[in-house]
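Shown below: input-v9.cif, with mmCIF, C-alpha atoms and all ligand atoms.
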```cif
data_query
#
loop_
_atom_site.label_atom_id
_atom_site.label_comp_id
_atom_site.auth_asym_id
_atom_site.auth_seq_id
_atom_site.Cartn_x
_atom_site.Cartn_y
_atom_site.Cartn_z
CA MET A 1 92.52 73.00 130.63
CA LEU A 2 91.04 72.64 127.17
CA ILE A 3 93.87 72.43 124.65
CA VAL A 4 93.63 72.47 120.86
CA GLN A 5 96.59 70.75 119.19
CA LYS A 6 97.09 71.12 115.46
CA TYR A 7 99.44 68.75 113.64
CA GLY A 8 100.73 69.77 110.19
CA GLY A 9 101.42 67.59 107.18
CA THR A 10 104.92 66.46 108.11
CA SER A 11 103.72 65.53 111.60
CA VAL A 12 101.16 63.09 110.17
CA ALA A 13 103.17 62.12 107.07
CA ASN A 14 102.94 58.38 107.65
CA VAL A 15 101.55 55.76 110.01
CA GLU A 16 104.55 55.92 112.38
CA ARG A 17 104.17 59.66 112.78
CA ILE A 18 100.42 59.40 113.28
CA LYS A 19 101.10 56.93 116.08
CA ALA A 20 103.60 59.37 117.60
CA VAL A 21 100.98 62.14 117.41
CA ALA A 22 98.48 59.84 119.14
CA GLU A 23 100.99 59.30 121.93
CA ARG A 24 101.51 63.01 122.45
CA VAL A 25 97.75 63.59 122.48
CA VAL A 26 97.16 60.81 124.98
CA LYS A 27 99.99 62.12 127.17
CA THR A 28 98.30 65.52 127.25
CA ALA A 29 94.93 63.95 128.05
CA LYS A 30 96.47 61.88 130.85
CA GLN A 31 97.77 65.10 132.40
CA GLY A 32 94.11 65.89 132.99
CA HIS A 33 93.41 68.12 129.97
CA LYS A 34 90.60 67.94 127.47
CA VAL A 35 92.11 67.73 123.99
CA VAL A 36 90.81 68.70 120.57
CA VAL A 37 93.14 67.64 117.78
CA VAL A 38 93.15 69.24 114.33
CA VAL A 39 95.07 67.47 111.59
CA SER A 40 96.35 68.35 108.13
CA ALA A 41 96.56 65.90 105.27
CA MET A 42 99.73 63.80 105.04
CA SER A 43 102.47 66.03 103.61
CA GLY A 44 102.37 66.16 99.83
CA GLU A 45 98.83 64.78 99.71
CA THR A 46 97.06 68.06 98.87
CA ASP A 47 99.55 68.73 96.06
CA LYS A 48 99.02 65.20 94.79
CA LEU A 49 95.26 65.72 94.68
CA ILE A 50 95.66 69.06 92.86
CA ASN A 51 97.89 67.33 90.37
CA LEU A 52 95.31 64.58 89.78
CA ALA A 53 92.64 67.19 89.12
CA HIS A 54 94.83 68.90 86.55
CA GLN A 55 95.41 65.63 84.78
CA VAL A 56 91.67 65.37 84.30
CA SER A 57 90.87 69.00 83.54
CA ALA A 58 92.79 72.16 82.61
CA SER A 59 90.52 74.28 84.79
CA PRO A 60 88.69 72.04 87.26
CA SER A 61 85.59 73.51 88.87
CA GLU A 62 86.36 74.94 92.28
CA ARG A 63 83.39 73.28 93.93
CA GLU A 64 84.63 69.83 92.92
CA MET A 65 88.19 70.83 93.74
CA ASP A 66 87.16 71.49 97.33
CA LEU A 67 85.41 68.16 97.64
CA LEU A 68 88.56 66.47 96.34
CA LEU A 69 91.04 68.39 98.51
CA SER A 70 89.03 67.94 101.71
CA SER A 71 89.54 64.20 101.45
CA GLY A 72 93.23 64.37 102.49
CA GLU A 73 92.36 65.65 105.96
CA ARG A 74 89.53 63.13 106.36
CA VAL A 75 92.03 60.32 106.00
CA THR A 76 94.38 61.61 108.69
CA SER A 77 91.57 62.53 111.11
CA ALA A 78 90.12 59.04 111.01
CA LEU A 79 93.54 57.36 111.28
CA THR A 80 94.57 59.60 114.18
CA ALA A 81 91.37 58.84 116.08
CA MET A 82 91.96 55.11 115.54
CA ALA A 83 95.55 55.40 116.76
CA ILE A 84 94.38 57.22 119.91
CA GLU A 85 91.77 54.53 120.63
CA GLU A 86 94.49 51.93 120.20
CA LEU A 87 96.27 53.60 123.15
CA GLY A 88 93.18 53.12 125.32
CA CYS A 89 91.53 56.55 125.15
CA LYS A 90 88.11 57.33 123.69
CA ALA A 91 88.40 59.28 120.44
CA MET A 92 86.03 60.48 117.76
CA ALA A 93 86.93 61.92 114.35
CA PHE A 94 84.92 64.74 112.80
CA THR A 95 84.88 66.19 109.29
CA GLY A 96 84.49 69.95 108.92
CA ARG A 97 80.81 69.37 108.38
CA GLN A 98 80.40 67.21 111.47
CA MET A 99 82.24 69.85 113.47
CA GLY A 100 79.69 72.42 112.24
CA ILE A 101 82.26 74.66 110.54
CA ILE A 102 80.12 76.99 108.43
CA THR A 103 81.86 79.09 105.79
CA ASP A 104 80.96 81.43 102.95
CA ALA A 105 80.79 79.96 99.46
CA VAL A 106 84.11 81.25 98.10
CA HIS A 107 85.49 77.88 97.10
CA THR A 108 89.20 77.12 97.68
CA LYS A 109 89.57 80.07 100.06
CA ALA A 110 86.38 80.17 102.07
CA ARG A 111 86.06 82.25 105.23
CA ILE A 112 84.72 80.74 108.43
CA GLU A 113 81.42 82.33 109.47
CA LYS A 114 80.64 80.28 112.55
CA ILE A 115 81.35 77.00 114.27
CA THR A 116 78.40 75.29 115.88
CA GLY A 117 80.21 72.20 117.16
CA GLU A 118 77.32 70.91 119.30
CA ARG A 119 78.11 67.27 118.81
CA ALA A 120 81.80 67.81 119.49
CA LYS A 121 81.04 69.71 122.69
CA LYS A 122 78.87 66.85 123.88
CA ALA A 123 81.55 64.31 123.01
CA LEU A 124 84.16 66.37 124.89
CA GLU A 125 81.92 66.33 127.95
CA GLU A 126 81.74 62.58 127.61
CA ASN A 127 85.55 62.52 127.76
CA TYR A 128 86.19 61.79 124.12
CA ILE A 129 89.28 63.21 122.46
CA ILE A 130 88.02 65.00 119.37
CA VAL A 131 89.99 64.78 116.13
CA VAL A 132 88.90 67.30 113.50
CA ALA A 133 89.82 67.23 109.82
CA GLY A 134 91.47 70.62 109.21
CA PHE A 135 91.26 72.93 106.20
CA GLN A 136 87.53 72.46 105.52
CA GLY A 137 83.99 73.53 106.23
CA ILE A 138 80.61 73.61 104.53
CA THR A 139 78.32 76.33 103.23
CA GLU A 140 75.21 76.98 105.25
CA GLY A 141 72.53 76.64 102.57
CA GLU A 142 73.67 73.92 100.19
CA ALA A 143 76.05 72.17 102.57
CA ASP A 144 78.72 72.24 99.85
CA VAL A 145 82.21 71.34 101.03
CA THR A 146 84.63 74.28 101.08
CA THR A 147 88.35 74.59 101.87
CA LEU A 148 90.08 77.44 103.66
CA GLY A 149 93.09 78.19 101.45
CA ARG A 150 96.52 76.53 101.49
CA GLY A 151 97.82 75.98 104.99
CA GLY A 152 94.21 76.36 106.19
CA SER A 153 94.38 73.78 108.98
CA ASP A 154 96.08 76.46 111.09
CA LEU A 155 92.93 78.53 110.70
CA SER A 156 90.71 75.56 111.57
CA ALA A 157 92.69 75.10 114.79
CA VAL A 158 92.62 78.74 115.88
CA ALA A 159 88.94 79.15 115.01
CA ILE A 160 88.00 75.96 116.88
CA ALA A 161 90.08 77.10 119.87
CA SER A 162 88.19 80.37 119.86
CA ALA A 163 84.76 78.76 119.40
CA LEU A 164 85.34 76.29 122.22
CA ASP A 165 86.99 78.94 124.37
CA ALA A 166 90.12 76.80 124.69
CA ASP A 167 92.88 77.77 127.08
CA LEU A 168 95.63 77.17 124.53
CA CYS A 169 96.07 76.50 120.81
CA GLU A 170 99.25 74.56 120.04
CA ILE A 171 100.42 74.47 116.42
CA TYR A 172 102.75 71.47 116.01
CA THR A 173 105.02 71.56 112.98
CA ASP A 174 108.44 70.44 111.70
CA VAL A 175 110.48 73.31 113.19
CA ASP A 176 110.86 74.34 116.85
CA GLY A 177 108.89 77.58 116.49
CA VAL A 178 109.00 80.88 114.66
CA TYR A 179 112.55 81.85 113.70
CA THR A 180 114.17 85.11 112.60
CA THR A 181 113.92 83.64 109.11
CA ASP A 182 113.22 80.24 107.54
CA PRO A 183 115.68 77.94 109.39
CA ASN A 184 115.70 75.65 106.38
CA ILE A 185 117.39 78.40 104.37
CA VAL A 186 119.51 80.08 107.04
CA PRO A 187 120.80 77.57 109.60
CA GLU A 188 121.97 80.45 111.84
CA ALA A 189 118.38 81.67 112.22
CA ARG A 190 117.38 82.19 115.84
CA LYS A 191 114.20 80.89 117.41
CA LEU A 192 112.02 83.60 118.93
CA ASP A 193 110.58 82.88 122.39
CA LYS A 194 107.68 85.14 121.63
CA ILE A 195 106.39 87.25 118.78
CA SER A 196 103.60 89.84 118.68
CA TYR A 197 100.43 89.12 116.73
CA GLU A 198 101.18 92.13 114.51
CA GLU A 199 104.67 90.92 113.60
CA MET A 200 103.48 87.36 113.08
CA LEU A 201 100.73 88.64 110.82
CA GLU A 202 103.23 90.54 108.68
CA PHE A 203 105.60 87.58 108.71
CA ALA A 204 102.85 85.21 107.58
CA SER A 205 101.42 87.47 104.92
CA LEU A 206 104.95 88.03 103.61
CA GLY A 207 105.47 84.34 103.04
CA ALA A 208 106.70 82.72 106.28
CA LYS A 209 104.38 79.78 105.94
CA VAL A 210 104.90 78.53 109.49
CA LEU A 211 101.46 80.01 110.27
CA GLN A 212 98.77 80.72 107.70
CA THR A 213 98.00 84.45 107.49
CA ARG A 214 94.32 84.21 108.24
CA SER A 215 94.93 82.06 111.27
CA VAL A 216 97.07 84.85 112.75
CA GLU A 217 94.44 87.44 111.90
CA PHE A 218 91.89 85.32 113.69
CA ALA A 219 94.13 84.69 116.70
CA MET A 220 94.82 88.42 117.00
CA LYS A 221 91.18 89.45 116.67
CA TYR A 222 89.89 86.96 119.20
CA ASN A 223 92.97 86.87 121.41
CA VAL A 224 93.55 83.15 121.05
CA PRO A 225 96.62 82.11 123.09
CA THR A 226 98.75 80.40 120.46
CA VAL A 227 102.09 78.63 120.54
CA VAL A 228 104.10 77.18 117.64
CA ARG A 229 106.11 74.06 118.55
CA SER A 230 107.78 71.03 117.05
CA SER A 231 105.97 67.70 117.05
CA PHE A 232 109.36 65.95 117.08
CA ASN A 233 110.62 67.16 120.49
CA ASP A 234 109.52 68.83 123.73
CA ASN A 235 111.20 72.21 123.21
CA PRO A 236 109.03 75.10 124.38
CA GLY A 237 108.30 76.78 121.02
CA THR A 238 107.26 80.36 120.24
CA LEU A 239 104.38 82.16 121.93
CA VAL A 240 102.30 84.47 119.77
CA VAL A 241 101.22 87.26 122.11
CA LYS A 242 100.12 90.87 122.39
CA GLU A 243 102.94 93.35 121.81
CA ASP A 244 104.87 94.36 124.91
CA LYS A 245 107.26 97.23 125.61
CA ASP A 246 110.58 95.43 124.97
CA MET A 247 109.52 94.37 121.52
CA GLU A 248 110.04 97.88 120.10
CA ASN A 249 113.70 97.76 121.10
CA VAL A 250 114.32 95.27 118.35
CA VAL A 251 114.26 97.14 115.05
CA VAL A 252 114.15 94.20 112.68
CA SER A 253 112.92 90.91 114.08
CA GLY A 254 112.97 88.81 110.96
CA VAL A 255 113.29 88.29 107.23
CA ALA A 256 110.60 86.62 105.11
CA TYR A 257 110.42 85.57 101.47
CA ASP A 258 107.61 84.64 99.14
CA LYS A 259 108.12 82.92 95.81
CA ASN A 260 104.44 82.40 95.18
CA GLN A 261 103.64 85.62 93.38
CA VAL A 262 103.51 86.69 89.78
CA LYS A 263 104.01 90.22 88.48
CA LEU A 264 101.64 91.57 85.83
CA THR A 265 102.29 94.81 83.98
CA ILE A 266 99.71 96.68 81.92
CA MET A 267 101.58 98.75 79.41
CA SER A 268 100.58 102.23 78.38
CA VAL A 269 97.27 102.79 80.09
CA PRO A 270 95.76 106.28 79.85
CA ASP A 271 96.90 108.50 82.75
CA LYS A 272 93.53 109.79 83.96
CA PRO A 273 91.17 109.38 86.92
CA GLY A 274 89.26 106.11 87.30
CA ILE A 275 91.66 103.80 85.46
CA ALA A 276 93.17 102.08 88.50
CA ALA A 277 89.70 101.72 90.00
CA LYS A 278 88.48 99.99 86.86
CA ILE A 279 91.39 97.54 86.70
CA PHE A 280 91.44 96.60 90.36
CA ASN A 281 87.67 96.40 90.69
CA ALA A 282 87.59 93.83 87.93
CA ILE A 283 90.29 91.79 89.66
CA ALA A 284 88.68 92.08 93.08
CA ASN A 285 85.34 90.94 91.69
CA ALA A 286 87.04 87.68 90.74
CA ASN A 287 88.19 87.26 94.37
CA VAL A 288 91.84 87.65 93.46
CA VAL A 289 93.90 89.40 96.12
CA VAL A 290 96.36 91.94 94.72
CA ASP A 291 99.47 92.51 96.76
CA MET A 292 101.93 95.15 95.57
CA ILE A 293 101.00 97.87 93.09
CA VAL A 294 103.38 100.24 91.34
CA GLN A 295 102.29 102.99 88.99
CA ASN A 296 104.74 105.38 87.41
CA ILE A 297 103.96 108.98 86.63
CA SER A 298 103.86 109.22 82.87
CA SER A 299 106.55 111.33 81.29
CA ASP A 300 104.21 112.80 78.69
CA GLY A 301 101.10 113.06 80.88
CA LYS A 302 99.24 110.66 78.63
CA ALA A 303 100.06 107.04 79.31
CA THR A 304 101.63 105.04 82.13
CA ASP A 305 102.52 101.45 83.06
CA ILE A 306 100.87 99.78 86.04
CA SER A 307 102.51 96.74 87.65
CA PHE A 308 101.07 94.59 90.40
CA THR A 309 101.52 91.17 91.93
CA VAL A 310 99.00 88.38 92.55
CA PRO A 311 99.33 84.87 94.01
CA LYS A 312 100.62 82.29 91.52
CA THR A 313 97.50 80.18 92.02
CA ASP A 314 95.32 83.03 90.74
CA SER A 315 97.65 84.34 88.05
CA LYS A 316 95.92 82.75 85.05
CA ARG A 317 92.57 84.18 86.06
CA ALA A 318 94.09 87.54 86.87
CA LEU A 319 95.86 87.63 83.49
CA LYS A 320 92.67 86.91 81.60
CA ILE A 321 90.75 89.65 83.44
CA THR A 322 93.60 92.12 83.08
CA GLU A 323 93.89 91.46 79.35
CA ASP A 324 90.17 92.11 78.93
CA VAL A 325 90.34 95.37 80.88
CA ALA A 326 93.54 96.40 79.06
CA LYS A 327 91.79 95.99 75.73
CA GLU A 328 88.84 98.01 76.92
CA LEU A 329 91.11 100.81 78.09
CA GLY A 330 93.13 100.87 74.91
CA ALA A 331 96.35 99.84 76.68
CA LYS A 332 99.26 98.36 74.71
CA GLY A 333 99.08 94.97 76.35
CA VAL A 334 99.88 92.91 79.44
CA THR A 335 103.14 91.19 80.32
CA THR A 336 103.75 88.70 83.15
CA ARG A 337 106.82 87.66 85.09
CA GLU A 338 106.82 84.48 87.12
CA ASP A 339 110.46 84.34 88.27
CA ILE A 340 110.09 86.89 91.02
CA ALA A 341 110.38 86.74 94.80
CA LYS A 342 109.33 89.17 97.47
CA ILE A 343 111.87 89.67 100.25
CA SER A 344 110.75 91.48 103.38
CA ILE A 345 112.13 92.68 106.67
CA VAL A 346 109.72 92.92 109.59
CA GLY A 347 109.88 94.58 113.00
CA VAL A 348 107.63 96.67 115.24
CA GLY A 349 110.72 98.70 116.15
CA MET A 350 110.71 100.21 112.65
CA ARG A 351 107.96 102.54 113.82
CA THR A 352 110.49 104.42 115.90
CA HIS A 353 113.76 103.93 113.97
CA SER A 354 114.76 105.48 110.68
CA GLY A 355 117.15 104.38 107.96
CA VAL A 356 116.05 100.76 107.97
CA ALA A 357 114.77 100.72 104.39
CA ALA A 358 117.91 102.46 103.12
CA LYS A 359 120.07 99.84 104.82
CA MET A 360 118.05 97.08 103.16
CA PHE A 361 118.41 98.62 99.68
CA GLU A 362 122.13 99.23 100.23
CA THR A 363 122.68 95.61 101.26
CA LEU A 364 120.86 94.28 98.22
CA ALA A 365 122.76 96.64 95.94
CA LYS A 366 126.10 95.57 97.41
CA HIS A 367 125.29 92.01 96.36
CA GLY A 368 124.18 92.98 92.88
CA VAL A 369 120.49 92.34 93.49
CA ASN A 370 118.20 94.61 91.47
CA ILE A 371 114.95 95.81 93.06
CA MET A 372 111.85 95.76 90.84
CA MET A 373 109.18 96.91 93.27
CA ILE A 374 109.14 98.29 96.80
CA SER A 375 106.38 98.56 99.36
CA THR A 376 106.46 99.59 102.98
CA SER A 377 104.19 99.70 105.98
CA GLU A 378 104.79 100.88 109.52
CA ILE A 379 106.50 97.65 110.44
CA LYS A 380 107.86 96.15 107.22
CA VAL A 381 109.76 96.84 104.02
CA SER A 382 109.34 94.54 101.01
CA CYS A 383 111.25 94.35 97.75
CA VAL A 384 110.43 92.30 94.68
CA ILE A 385 113.59 90.83 93.14
CA ASP A 386 114.59 88.17 90.63
CA SER A 387 113.76 84.83 92.28
CA LYS A 388 117.21 83.39 91.60
CA TYR A 389 118.59 85.73 94.29
CA THR A 390 116.08 84.70 96.98
CA GLU A 391 118.39 82.64 99.20
CA LEU A 392 121.25 85.10 98.81
CA ALA A 393 119.05 88.07 99.69
CA VAL A 394 117.54 86.35 102.73
CA ARG A 395 120.99 85.38 104.03
CA VAL A 396 122.65 88.77 103.58
CA LEU A 397 119.72 90.70 105.07
CA HIS A 398 119.57 88.31 108.03
CA ASP A 399 123.24 88.99 108.54
CA THR A 400 123.10 92.78 108.02
CA PHE A 401 120.38 93.21 110.63
CA GLY A 402 122.27 91.09 113.16
CA LEU A 403 119.66 88.40 113.49
CA ALA A 404 121.89 85.32 113.68
CA GLY A 405 122.43 83.48 116.90
CA GLY A 406 122.13 79.78 116.19
CA LYS A 407 119.24 77.44 116.84
CA VAL A 408 118.02 77.49 120.42
P1 LIG B 501 102.95 72.31 108.54
O1 LIG B 501 102.91 71.25 107.49
O2 LIG B 501 103.26 71.79 109.90
O3 LIG B 501 101.75 73.20 108.52
P2 LIG B 501 104.49 74.27 107.08
O4 LIG B 501 105.37 73.68 106.04
O5 LIG B 501 103.21 74.89 106.64
O6 LIG B 501 104.23 73.19 108.21
O7 LIG B 501 105.30 75.39 107.90
C1 LIG B 501 106.53 75.09 108.50
C2 LIG B 501 107.68 75.56 107.61
O8 LIG B 501 107.66 77.00 107.55
C3 LIG B 501 109.06 75.24 108.10
O9 LIG B 501 109.47 73.94 107.73
C4 LIG B 501 109.92 76.34 107.48
O10 LIG B 501 110.60 75.89 106.33
C5 LIG B 501 108.91 77.40 107.05
N1 LIG B 501 109.25 78.73 107.54
C6 LIG B 501 109.33 79.85 106.78
N2 LIG B 501 109.67 80.90 107.51
C7 LIG B 501 109.80 80.48 108.79
C8 LIG B 501 110.15 81.13 110.02
N3 LIG B 501 110.40 82.44 110.09
N4 LIG B 501 110.19 80.37 111.15
C9 LIG B 501 109.92 79.05 111.11
N5 LIG B 501 109.60 78.38 109.98
C10 LIG B 501 109.54 79.08 108.82
N1 LIG B 502 96.53 70.21 103.48
C1 LIG B 502 96.32 71.63 103.24
C2 LIG B 502 97.50 72.20 102.49
O1 LIG B 502 98.44 71.48 102.16
C3 LIG B 502 96.03 72.38 104.49
C4 LIG B 502 97.11 72.37 105.55
O2 LIG B 502 98.04 71.58 105.47
O3 LIG B 502 97.02 73.17 106.48
O4 LIG B 502 97.50 73.36 102.17
MG MG B 503 101.24 74.86 107.34
#
```
Translate this structure into structure tokens?
Ligand code: ADP
Ligand code: ASP
Ligand code: MG
Amino acid sequence: MLIVQKYGGTSVANVERIKAVAERVVKTAKQGHKVVVVVSAMSGETDKLINLAHQVSASPSEREMDLLLSSGERVTSALTAMAIEELGCKAMAFTGRQMGIITDAVHTKARIEKITGERAKKALEENYIIVVAGFQGITEGEADVTTLGRGGSDLSAVAIASALDADLCEIYTDVDGVYTTDPNIVPEARKLDKISYEEMLEFASLGAKVLQTRSVEFAMKYNVPTVVRSSFNDNPGTLVVKEDKDMENVVVSGVAYDKNQVKLTIMSVPDKPGIAAKIFNAIANANVVVDMIVQNISSDGKATDISFTVPKTDSKRALKITEDVAKELGAKGVTTREDIAKISIVGVGMRTHSGVAAKMFETLAKHGVNIMMISTSEIKVSCVIDSKYTELAVRVLHDTFGLAGGKV
């Protein structure tokens, strides 16, 4: 079999752990498999680099930012390859560029366009273990270094697995798999043996950072067999698979939270056609992804408030653009709120069961948690609340929907 193994930041956090990763890789190779390893930077390293950049510049250029951030993964890829060689196997480390990972030019959140990987394929044939620096690629024309968004090594792994037609993509992390909610917040959370691509996609996009959203999108689109496991033990992990019949019997399969959003409100914008288009076009043109949007009907038919949320990392840019548009539209002004959290319940069974949203609102109300925004889809309900209630809300919802069961 050809197996892609991705090791996250905590799994390569120091030299001891890198050596342990090398042992697991070599063990897999000795079982007769070809192995491609994808590594993240040591945990905390990417944040440290971002911090350094901000000490030098208030708004560092994104092109240089990418060059800087890509260095964290280069370090771990080279060290991991060395550690594997030390155990007597042939290994070769590759940067994103050497792996032929071609992306668009949207710095800090580039999309993968193709993976050529000729050299890596040749090396694999020659029985080398390949170690690829995650989270990065290059643009086709200028060969500028790009990064794939936070948590992007998951995407590197899934995309490489797809490009090389791997039999399995293993995502090794610091928990045993995907749980009914973050096990670091709710110790009673239950590990799921399997989860559908659709649910995992909702889970990820709603903040469960165990898999990066785009990696799940990619895995779903190209049917990449993916499993999430712990790098600290041999427990079987969680399979991410196509939905099957039994999955709809479970109404709510998990609770997710996201503290990385900011709410912007444009006050008193004219209530007439074309206004929302104008605002959100301007934001989209700056490559900022808007999540929730709430617009009230105006009581006097003339002016209304529009609120929406954007990722914290883009909030300064979004604010600037929104203020410009607000001025142009003659709105009263723009306010922001950073201390918010989005709490969501997810489950494919919601398609066929009613009353789930009401039960969520009732539970939050019973615990004195006010809801600022609501959004729903076929398989999820999300509420924006004051961030100080995040842990409380996650715990009580996990309990209300009967998700507990202890770690497996
Ligand atoms: P890595 O560095 O390996 O990429 P991450 O920190 O990105 O790891 O993701 C793993 C973390 O995701 C866990 O430590 C856990 O706190 C968090 N997490 C959030 N929601 C869930 C969930 N439903 N199941 C498992 N882990 C979750
Ligand atoms: N090192 C990057 C980050 O911290 C990418 C990753 O870990 O997947 O976001
Ligand atoms: Mg991660």
Report summary line: note - CA of Leu148 in chain A and CA of Arg111 in chain A are separated by 6.5 Å
Query raised in the report: Within 8 Å of Thr116 in chain A, counting only C-alpha atoms, which residues qualify if same-chain residues fewer than 6 places away don't, as a list of chain:residue names?
Result: A:Met99, A:Gly100, A:Ile101, A:Ile102
Let me know the centre plus edge lengths, in Å and rounded to one decimal, of a box with edges along x, y and z that contains all listed atoms of range 276-287 of chain A and is padded by 6 Å on every side, as AutoDock Vina command-line options.
```
--center_x 89.3 --center_y 94.7 --center_z 90.5 --size_x 19.8 --size_y 26.8 --size_z 19.7
```
Requested in this report: Between CA of Phe308 in chain A and CA of Met292 in chain A, measure the distance and give it in Å to one decimal.
Outcome: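 Between CA of Phe308 in chain A and CA of Met292 in chain A the gap works out to 5.3 Å.
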Query raised in the report: In Å, how far is it from CA of Thr108 in chain A to CA of Val228 in chain A?
Result: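 Interatomic distance, CA of Thr108 in chain A to CA of Val228 in chain A: 24.9 Å.
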Mind dumping a table of every chain A residue within 10 Å of ligand LIG 501 (chain B), with the nearest atom pair and its distance in Å to one decimal, using all atoms listed in the file, sorted by chain and rising number, as CSV?
```
residue,atom,partner,partner_atom,distance
A:Lys6,CA,B:LIG501,O2,8.3
A:Tyr7,CA,B:LIG501,O2,6.1
A:Gly8,CA,B:LIG501,O2,3.3
A:Gly9,CA,B:LIG501,O1,4.0
A:Thr10,CA,B:LIG501,O1,5.2
A:Ser11,CA,B:LIG501,O2,6.5
A:Val12,CA,B:LIG501,O1,8.8
A:Ala13,CA,B:LIG501,O1,9.1
A:Val39,CA,B:LIG501,O3,9.3
A:Ser40,CA,B:LIG501,O1,7.2
A:Ala41,CA,B:LIG501,O1,8.6
A:Met42,CA,B:LIG501,O1,8.5
A:Ser43,CA,B:LIG501,O1,6.5
A:Gly44,CA,B:LIG501,O1,9.2
A:Arg150,CA,B:LIG501,O5,8.6
A:Gly151,CA,B:LIG501,O5,5.7
A:Gly152,CA,B:LIG501,O3,8.5
A:Ser153,CA,B:LIG501,O3,7.4
A:Asp154,CA,B:LIG501,O3,7.0
A:Ile171,CA,B:LIG501,O2,7.6
A:Tyr172,CA,B:LIG501,O2,6.1
A:Thr173,CA,B:LIG501,O2,3.6
A:Asp174,CA,B:LIG501,O9,5.4
A:Val175,CA,B:LIG501,O9,5.6
A:Asp176,CA,B:LIG501,C9,7.5
A:Gly177,CA,B:LIG501,C9,5.7
A:Val178,CA,B:LIG501,N4,3.7
A:Tyr179,CA,B:LIG501,N4,3.8
A:Thr180,CA,B:LIG501,N3,5.3
A:Thr181,CA,B:LIG501,N3,3.8
A:Asp182,CA,B:LIG501,N2,3.6
A:Pro183,CA,B:LIG501,C9,6.1
A:Asn184,CA,B:LIG501,O10,5.1
A:Ile185,CA,B:LIG501,O10,7.5
A:Val186,CA,B:LIG501,O10,9.9
A:Ala189,CA,B:LIG501,N3,8.3
A:Arg190,CA,B:LIG501,N4,8.8
A:Lys191,CA,B:LIG501,N4,7.5
A:Leu192,CA,B:LIG501,N4,8.6
A:Met200,CA,B:LIG501,N3,9.0
A:Phe203,CA,B:LIG501,N3,7.2
A:Ala204,CA,B:LIG501,N2,8.1
A:Leu206,CA,B:LIG501,N2,9.4
A:Gly207,CA,B:LIG501,C6,7.0
A:Ala208,CA,B:LIG501,N2,3.7
A:Lys209,CA,B:LIG501,O8,4.6
A:Val210,CA,B:LIG501,O7,3.5
A:Leu211,CA,B:LIG501,O7,6.5
A:Gln212,CA,B:LIG501,O5,7.4
A:Val228,CA,B:LIG501,C9,8.9
A:Arg229,CA,B:LIG501,O2,9.4
A:Ser230,CA,B:LIG501,O2,8.5
A:Ser231,CA,B:LIG501,O2,8.7
A:Thr238,CA,B:LIG501,N4,9.6
A:Ser253,CA,B:LIG501,N3,9.7
A:Gly254,CA,B:LIG501,N3,6.9
A:Val255,CA,B:LIG501,N3,7.1
A:Ala256,CA,B:LIG501,N2,6.3
A:Tyr257,CA,B:LIG501,N2,7.7
A:Asp258,CA,B:LIG501,C6,9.2
```
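The shortest atom-to-atom distance to Lys332 in chain A, with all atoms listed in the file taken into account, belongs to A:Asp305 out of A:Glu125, A:Glu248, A:Asp305, A:Asp314.
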Query raised in the report: Excluding same-chain residues fewer than 3 positions from Val356 in chain A, what lies within 9 Å of it counting all atoms listed in the file, as a ChimeraX atom specification?
Result: /A:251-252,350,353,359-361,381
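Comparing the minimum interatomic distances between ligand LIG 502 (chain B) and each of A:Lys121, A:Lys194, A:Lys48, A:Arg63, counting all atoms listed in the file, we find that A:Lys48 sits nearest.
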Requested in this report: Give the answer as one residue: which of A:Lys380, A:Lys122, A:Lys245, A:Lys327 has the shortest atom-to-atom distance to Ser205 in chain A, using all atoms listed in the file?
Outcome: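 For Ser205 in chain A, the nearest of the candidates is A:Lys380.
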Query raised in the report: Which residues come within 12 Å of Leu79 in chain A, counting only C-alpha atoms, excluding same-chain residues fewer than 2 positions away, as JSON, numbers by chain?
Result: {"A": [12, 13, 14, 15, 16, 17, 18, 19, 21, 22, 39, 40, 41, 42, 72, 73, 74, 75, 76, 77, 81, 82, 83, 84, 85, 86, 91, 92, 93, 94, 131, 132, 133]}
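Among the candidates A:Leu155, A:Ala143, A:Ile3, A:Val396, the one nearest to ligand LIG 502 (chain B) when counting all atoms listed in the file is A:Leu155.
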Query raised in the report: Using only C-alpha atoms, which residues sit within 8 Å of Ile266 in chain A once same-chain residues fewer than 2 positions away are excluded, as a list in words?
Result: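 Result of the neighbour search: Leu264, Ser268, Val269, Asp305, Ile306, Ser307, Thr322, Ala326, Ala331, Lys332, Gly333, Val334 and Thr335 of chain A.
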Query raised in the report: Which is closer to ligand LIG 502 (chain B) than all the others in A:Val25, A:Cys383, A:Ala157, A:Leu124, using only C-alpha atoms and all ligand atoms?
Result: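 For ligand LIG 502 (chain B), the nearest of the candidates is A:Ala157.
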